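Remarks on the structure that follows.
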Amino acid sequence: MSGEFDPTLELGFPTDKMLVCGCRGFLTCNDSVGDLCEDIMPNGRHFYDVLCRYDFLVTYVLGREEAVAGNVPKYALPFLKAHGASDNIIYERSKEDLRLMPEAKTSLEYLAALLPTYITSSAYEQTMLAIENALDVPLCESACAESGMDHCVLGRVASKKLRETADTISSLEIPDTKYRLNVPMSLDEKDIKIPSVLDEALGDGMVETGRAFMESCVPMNSSKKAYRLLDLRRQNGIDLDGTVYIGGDHTDYQILDLIRDGYGLSMAYNASDFAIRGSTITVISESATAGAFLTDVFYDKGIQAVTDLADSWSRGYLESGDVPDSNLKERLLSERTPFPKVYVTRKDNMEDLIEESEKARARLMRRRCAPAGIRTQVSASKGLNDWPLHHWSLDPPSATDL
């Protein structure tokens, strides 16, 4: 942590590299906010999925100027509160739901001893506390969504209205349509309905106390993640070319893209579409060890060594290759999980990597069976046919800003 004794500094060798990582796909294999919605609300998983689709549509498809990717935890908070959530309930449920990736604790301990290590997560702070307790890594600093539940009281009328609104949101259908970066497409008819309903539900249609409660949440969205990187750079005096970022969510795209362009190590780990598009390296693994191994190579030899290793990646090559930490190599080779896949992310292999990685991510984030008696999804009526489609809008801080 900041202020702790660092022998390298005492010897006159300042640290010139740092690691920032997300949780999902690298350290944990569950979607904490989605799990909370499923645990606490009727039809909560589908409710959460609709919020995610809305966040995606307004940010990346409709390209709204004020939209920022990653606001789903903020949107969900008043509805969780209306269904009885409290700080203690969220913490206890998060602790019960938490599934760490194999070797997550060991890998993070190794990395935190090697270089300054930070977690940036979109999880609620109650969930982050459960993750920190499970990992028990004292040298790791984290940032997450500010999400206190107990400072606000919702009356019975307001809670009832929010529960009714949640039912309306849960009734919306989500199409299978996929939208591609910078490729204009017609908006699916079912997707037309989602922004129309949620603009009202999260805006003027929300009760005043619910809106105030929602605005009290400070989510770790894509912009907050980017500016946290700025703060860490200033704090440590480390440039982008000395930074490792391990992420997998679409809200990680901006940072991954910035670090890749700044010649740092931008690693998409069991990642979604957008994260891969911003990465230098794509990793598909059922364990966290590969992330620690590649970070160690970068720390010792730099980005070119990592890309060279990824181009030749195989079990045989690794067995005979020269690596900084032979013990870490042996641990990677001896794991019972399937041998990880590592690729340099290029234009000519990107679509194949996205397909393979998203399938692996879906397996890792496997959904639990819904409780008996939970309400089923209701078909939505058709929406407006003339909803406009704009180009994608991705405007992160520039590399010079960072």
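In the structure tokens, the first chain shown is A, the next is B, and so on; residue numbers restart at 1 for each chain, and ligands run from 1 in the order shown.
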Sel. of strand (DSSP E) residues, region 144-315 of chain A, as a PyMOL selection string: chain A and resi 144-145+243-247+265-269+281-284
Generate the output file for the selected residues, all heavy atoms, as a short mmCIF file (atom, residue, chain, number, x, y, z; two decimals), in the first residue's frame.
data_model
loop_
_atom_site.label_atom_id
_atom_site.label_comp_id
_atom_site.auth_asym_id
_atom_site.auth_seq_id
_atom_site.Cartn_x
_atom_site.Cartn_y
_atom_site.Cartn_z
N CYS A 144 -13.82 0.92 -6.26
CA CYS A 144 -15.06 0.28 -6.70
C CYS A 144 -16.19 1.31 -6.64
O CYS A 144 -15.96 2.49 -6.38
CB CYS A 144 -15.37 -0.92 -5.80
SG CYS A 144 -15.48 -0.50 -4.04
N ALA A 145 -17.42 0.84 -6.88
CA ALA A 145 -18.58 1.73 -6.85
C ALA A 145 -18.89 2.14 -5.41
O ALA A 145 -18.95 1.29 -4.52
CB ALA A 145 -19.79 1.03 -7.46
N THR A 243 2.94 0.17 -17.66
CA THR A 243 1.69 -0.24 -17.01
C THR A 243 1.14 -1.52 -17.61
O THR A 243 1.11 -1.69 -18.82
CB THR A 243 0.63 0.88 -17.15
OG1 THR A 243 1.13 2.08 -16.55
CG2 THR A 243 -0.67 0.48 -16.46
N VAL A 244 0.70 -2.41 -16.74
CA VAL A 244 -0.04 -3.61 -17.14
C VAL A 244 -1.49 -3.40 -16.73
O VAL A 244 -1.76 -2.99 -15.59
CB VAL A 244 0.48 -4.88 -16.44
CG1 VAL A 244 -0.29 -6.11 -16.93
CG2 VAL A 244 1.97 -5.04 -16.65
N TYR A 245 -2.41 -3.66 -17.65
CA TYR A 245 -3.83 -3.64 -17.29
C TYR A 245 -4.44 -4.97 -17.71
O TYR A 245 -4.33 -5.37 -18.88
CB TYR A 245 -4.58 -2.48 -17.95
CG TYR A 245 -5.98 -2.32 -17.37
CD1 TYR A 245 -6.18 -1.54 -16.24
CD2 TYR A 245 -7.07 -2.98 -17.92
CE1 TYR A 245 -7.45 -1.40 -15.69
CE2 TYR A 245 -8.34 -2.85 -17.37
CZ TYR A 245 -8.52 -2.07 -16.26
OH TYR A 245 -9.77 -1.96 -15.70
N ILE A 246 -5.08 -5.65 -16.77
CA ILE A 246 -5.77 -6.91 -17.04
C ILE A 246 -7.26 -6.66 -16.85
O ILE A 246 -7.70 -6.34 -15.74
CB ILE A 246 -5.30 -8.03 -16.11
CG1 ILE A 246 -3.79 -8.20 -16.19
CG2 ILE A 246 -6.01 -9.35 -16.45
CD1 ILE A 246 -3.21 -9.23 -15.21
N GLY A 247 -8.04 -6.79 -17.91
CA GLY A 247 -9.48 -6.53 -17.84
C GLY A 247 -10.24 -7.40 -18.81
O GLY A 247 -9.66 -8.02 -19.71
N LEU A 265 1.38 -3.17 -21.40
CA LEU A 265 0.79 -4.49 -21.60
C LEU A 265 -0.70 -4.42 -21.34
O LEU A 265 -1.14 -4.27 -20.20
CB LEU A 265 1.44 -5.54 -20.69
CG LEU A 265 0.84 -6.95 -20.75
CD1 LEU A 265 0.79 -7.48 -22.18
CD2 LEU A 265 1.62 -7.90 -19.84
N SER A 266 -1.48 -4.51 -22.39
CA SER A 266 -2.93 -4.42 -22.35
C SER A 266 -3.49 -5.83 -22.55
O SER A 266 -3.48 -6.34 -23.67
CB SER A 266 -3.39 -3.47 -23.46
OG SER A 266 -4.77 -3.45 -23.60
N MET A 267 -3.96 -6.46 -21.48
CA MET A 267 -4.29 -7.87 -21.49
C MET A 267 -5.80 -8.10 -21.31
O MET A 267 -6.37 -7.79 -20.27
CB MET A 267 -3.52 -8.60 -20.38
CG MET A 267 -3.52 -10.11 -20.49
SD MET A 267 -2.72 -10.94 -19.06
CE MET A 267 -1.21 -10.01 -18.83
N ALA A 268 -6.45 -8.64 -22.35
CA ALA A 268 -7.87 -9.01 -22.26
C ALA A 268 -7.94 -10.44 -21.74
O ALA A 268 -7.47 -11.37 -22.40
CB ALA A 268 -8.52 -8.90 -23.63
N TYR A 269 -8.53 -10.63 -20.56
CA TYR A 269 -8.49 -11.91 -19.87
C TYR A 269 -9.89 -12.48 -19.76
O TYR A 269 -10.74 -11.94 -19.06
CB TYR A 269 -7.89 -11.70 -18.47
CG TYR A 269 -7.14 -12.88 -17.92
CD1 TYR A 269 -5.76 -12.99 -18.10
CD2 TYR A 269 -7.79 -13.89 -17.21
CE1 TYR A 269 -5.05 -14.07 -17.58
CE2 TYR A 269 -7.09 -14.97 -16.70
CZ TYR A 269 -5.72 -15.06 -16.89
OH TYR A 269 -5.02 -16.13 -16.39
N ILE A 281 -2.82 -8.31 -25.90
CA ILE A 281 -2.78 -9.76 -25.71
C ILE A 281 -4.18 -10.23 -25.30
O ILE A 281 -4.84 -9.60 -24.48
CB ILE A 281 -1.77 -10.13 -24.60
CG1 ILE A 281 -0.36 -9.71 -24.99
CG2 ILE A 281 -1.82 -11.64 -24.31
CD1 ILE A 281 0.24 -10.48 -26.13
N THR A 282 -4.62 -11.34 -25.86
CA THR A 282 -5.85 -11.98 -25.44
C THR A 282 -5.51 -13.30 -24.76
O THR A 282 -4.77 -14.11 -25.31
CB THR A 282 -6.78 -12.25 -26.64
OG1 THR A 282 -7.17 -11.00 -27.22
CG2 THR A 282 -8.03 -13.01 -26.21
N VAL A 283 -6.04 -13.49 -23.56
CA VAL A 283 -5.78 -14.71 -22.78
C VAL A 283 -7.11 -15.40 -22.49
O VAL A 283 -8.07 -14.76 -22.06
CB VAL A 283 -5.07 -14.39 -21.45
CG1 VAL A 283 -4.81 -15.67 -20.66
CG2 VAL A 283 -3.77 -13.65 -21.70
N ILE A 284 -7.15 -16.70 -22.74
CA ILE A 284 -8.32 -17.52 -22.40
C ILE A 284 -7.81 -18.59 -21.45
O ILE A 284 -7.01 -19.45 -21.83
CB ILE A 284 -8.96 -18.14 -23.65
CG1 ILE A 284 -9.41 -17.03 -24.60
CG2 ILE A 284 -10.13 -19.04 -23.27
CD1 ILE A 284 -9.85 -17.53 -25.97
#
Compile the contact shell of Arg45 (chain A) as a PyMOL selection string: residues with an atom at most 9 Å away, counting only C-alpha atoms, same-chain residues fewer than 2 positions apart removed. chain A and resi 34-39+41-43+47-50+170+370
Gap from CA of Glu132 (chain A) to CA of Ala82 (chain A) - Å, one decimal: 27.3 Å
Residues within 10 Å of Ser285 (chain A), only C-alpha atoms, excluding chain neighbours under 6 positions, as a ChimeraX atom specification: /A:25-26,101-102,269-270,291,337-342,357,360-361,364
Could you please write out, as JSON, numbers by chain, every residue of region 47-218 of chain A that DSSP assigns to helix (DSSP H, G or I)? {"A": [47, 48, 49, 50, 51, 52, 53, 54, 55, 56, 57, 58, 59, 60, 61, 72, 73, 74, 75, 76, 77, 78, 79, 80, 81, 82, 87, 88, 89, 90, 91, 92, 93, 94, 95, 96, 97, 104, 105, 106, 107, 108, 109, 110, 111, 112, 113, 114, 125, 126, 127, 128, 129, 130, 131, 132, 133, 134, 135, 156, 157, 158, 159, 160, 161, 162, 163, 164, 165, 166, 167, 168, 169, 170, 189, 190, 191, 192, 193, 194, 195, 196, 197, 198, 199, 200, 201, 208, 209, 210, 211, 212, 213, 214, 215, 216]}
Expected file contents, prior selection, C-alpha atoms, as a CSV table (one decimal), in the first residue's frame:
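Writing the result to out_1.csv gives the following:
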chain,number,residue,atom,x,y,z
A,47,PHE,CA,-34.0,-7.2,-15.0
A,48,TYR,CA,-30.2,-6.9,-14.7
A,49,ASP,CA,-29.7,-8.0,-18.3
A,50,VAL,CA,-32.1,-5.3,-19.6
A,51,LEU,CA,-30.2,-2.6,-17.7
A,52,CYS,CA,-27.0,-3.9,-19.2
A,53,ARG,CA,-28.5,-3.8,-22.7
A,54,TYR,CA,-29.8,-0.2,-22.1
A,55,ASP,CA,-26.3,0.9,-20.9
A,56,PHE,CA,-24.8,-0.7,-24.0
A,57,LEU,CA,-27.3,0.8,-26.4
A,58,VAL,CA,-27.2,4.4,-25.2
A,59,THR,CA,-23.4,4.5,-24.9
A,60,TYR,CA,-22.2,2.5,-27.9
A,61,VAL,CA,-25.1,2.2,-30.4
A,72,VAL,CA,-25.6,-0.4,-14.4
A,73,PRO,CA,-24.7,-0.6,-10.7
A,74,LYS,CA,-26.0,2.9,-10.3
A,75,TYR,CA,-29.3,2.1,-12.1
A,76,ALA,CA,-29.9,-1.1,-10.1
A,77,LEU,CA,-29.3,0.4,-6.6
A,78,PRO,CA,-32.7,2.0,-5.9
A,79,PHE,CA,-34.5,-1.1,-7.1
A,80,LEU,CA,-32.4,-3.4,-4.9
A,81,LYS,CA,-33.2,-1.0,-2.0
A,82,ALA,CA,-36.9,-1.2,-2.7
A,87,ASP,CA,-25.4,-2.9,3.4
A,88,ASN,CA,-25.2,-6.1,5.4
A,89,ILE,CA,-27.5,-8.1,3.1
A,90,ILE,CA,-25.4,-7.1,0.0
A,91,TYR,CA,-22.2,-8.0,1.9
A,92,GLU,CA,-23.5,-11.4,3.1
A,93,ARG,CA,-25.0,-12.3,-0.3
A,94,SER,CA,-21.8,-11.2,-2.1
A,95,LYS,CA,-19.7,-13.4,0.2
A,96,GLU,CA,-22.0,-16.4,-0.4
A,97,ASP,CA,-22.1,-15.9,-4.2
A,104,ALA,CA,-6.4,-16.0,-7.9
A,105,LYS,CA,-5.2,-15.5,-4.3
A,106,THR,CA,-1.8,-17.0,-5.0
A,107,SER,CA,-1.3,-15.0,-8.2
A,108,LEU,CA,-2.3,-11.7,-6.7
A,109,GLU,CA,0.0,-12.3,-3.7
A,110,TYR,CA,2.8,-12.9,-6.2
A,111,LEU,CA,2.0,-9.8,-8.2
A,112,ALA,CA,1.6,-7.5,-5.2
A,113,ALA,CA,5.1,-8.6,-4.0
A,114,LEU,CA,6.5,-7.9,-7.5
A,125,GLU,CA,-18.1,-1.5,-2.1
A,126,GLN,CA,-19.9,-4.2,0.0
A,127,THR,CA,-19.0,-6.8,-2.6
A,128,MET,CA,-15.4,-5.5,-2.8
A,129,LEU,CA,-15.0,-5.9,0.9
A,130,ALA,CA,-16.0,-9.6,0.5
A,131,ILE,CA,-13.5,-10.0,-2.4
A,132,GLU,CA,-10.7,-8.3,-0.4
A,133,ASN,CA,-11.4,-10.6,2.6
A,134,ALA,CA,-11.3,-13.7,0.4
A,135,LEU,CA,-8.1,-12.7,-1.4
A,156,ARG,CA,-43.7,2.3,1.4
A,157,VAL,CA,-45.2,4.2,-1.5
A,158,ALA,CA,-41.9,4.9,-3.1
A,159,SER,CA,-40.8,1.3,-2.6
A,160,LYS,CA,-44.0,0.0,-4.2
A,161,LYS,CA,-43.6,2.3,-7.2
A,162,LEU,CA,-40.0,1.1,-7.7
A,163,ARG,CA,-41.0,-2.5,-7.5
A,164,GLU,CA,-43.7,-1.9,-10.1
A,165,THR,CA,-41.2,-0.2,-12.3
A,166,ALA,CA,-38.8,-3.1,-11.9
A,167,ASP,CA,-41.6,-5.4,-13.1
A,168,THR,CA,-42.1,-3.2,-16.2
A,169,ILE,CA,-38.3,-3.3,-17.0
A,170,SER,CA,-38.3,-7.1,-16.5
A,189,GLU,CA,-37.2,-3.5,-33.2
A,190,LYS,CA,-37.0,-5.0,-29.6
A,191,ASP,CA,-34.0,-2.7,-28.9
A,192,ILE,CA,-36.1,0.3,-29.8
A,193,LYS,CA,-38.4,-0.4,-26.8
A,194,ILE,CA,-35.6,-0.6,-24.2
A,195,PRO,CA,-34.3,3.0,-24.3
A,196,SER,CA,-37.8,4.3,-24.6
A,197,VAL,CA,-39.0,2.6,-21.4
A,198,LEU,CA,-35.8,3.0,-19.4
A,199,ASP,CA,-35.4,6.7,-20.2
A,200,GLU,CA,-38.7,7.3,-18.5
A,201,ALA,CA,-38.1,4.7,-15.7
A,208,GLU,CA,-37.9,11.6,-6.1
A,209,THR,CA,-36.3,9.6,-3.2
A,210,GLY,CA,-35.3,6.8,-5.6
A,211,ARG,CA,-33.7,9.3,-8.0
A,212,ALA,CA,-31.8,10.9,-5.1
A,213,PHE,CA,-30.7,7.5,-3.9
A,214,MET,CA,-29.5,6.5,-7.4
A,215,GLU,CA,-27.5,9.7,-7.8
A,216,SER,CA,-25.8,9.1,-4.5
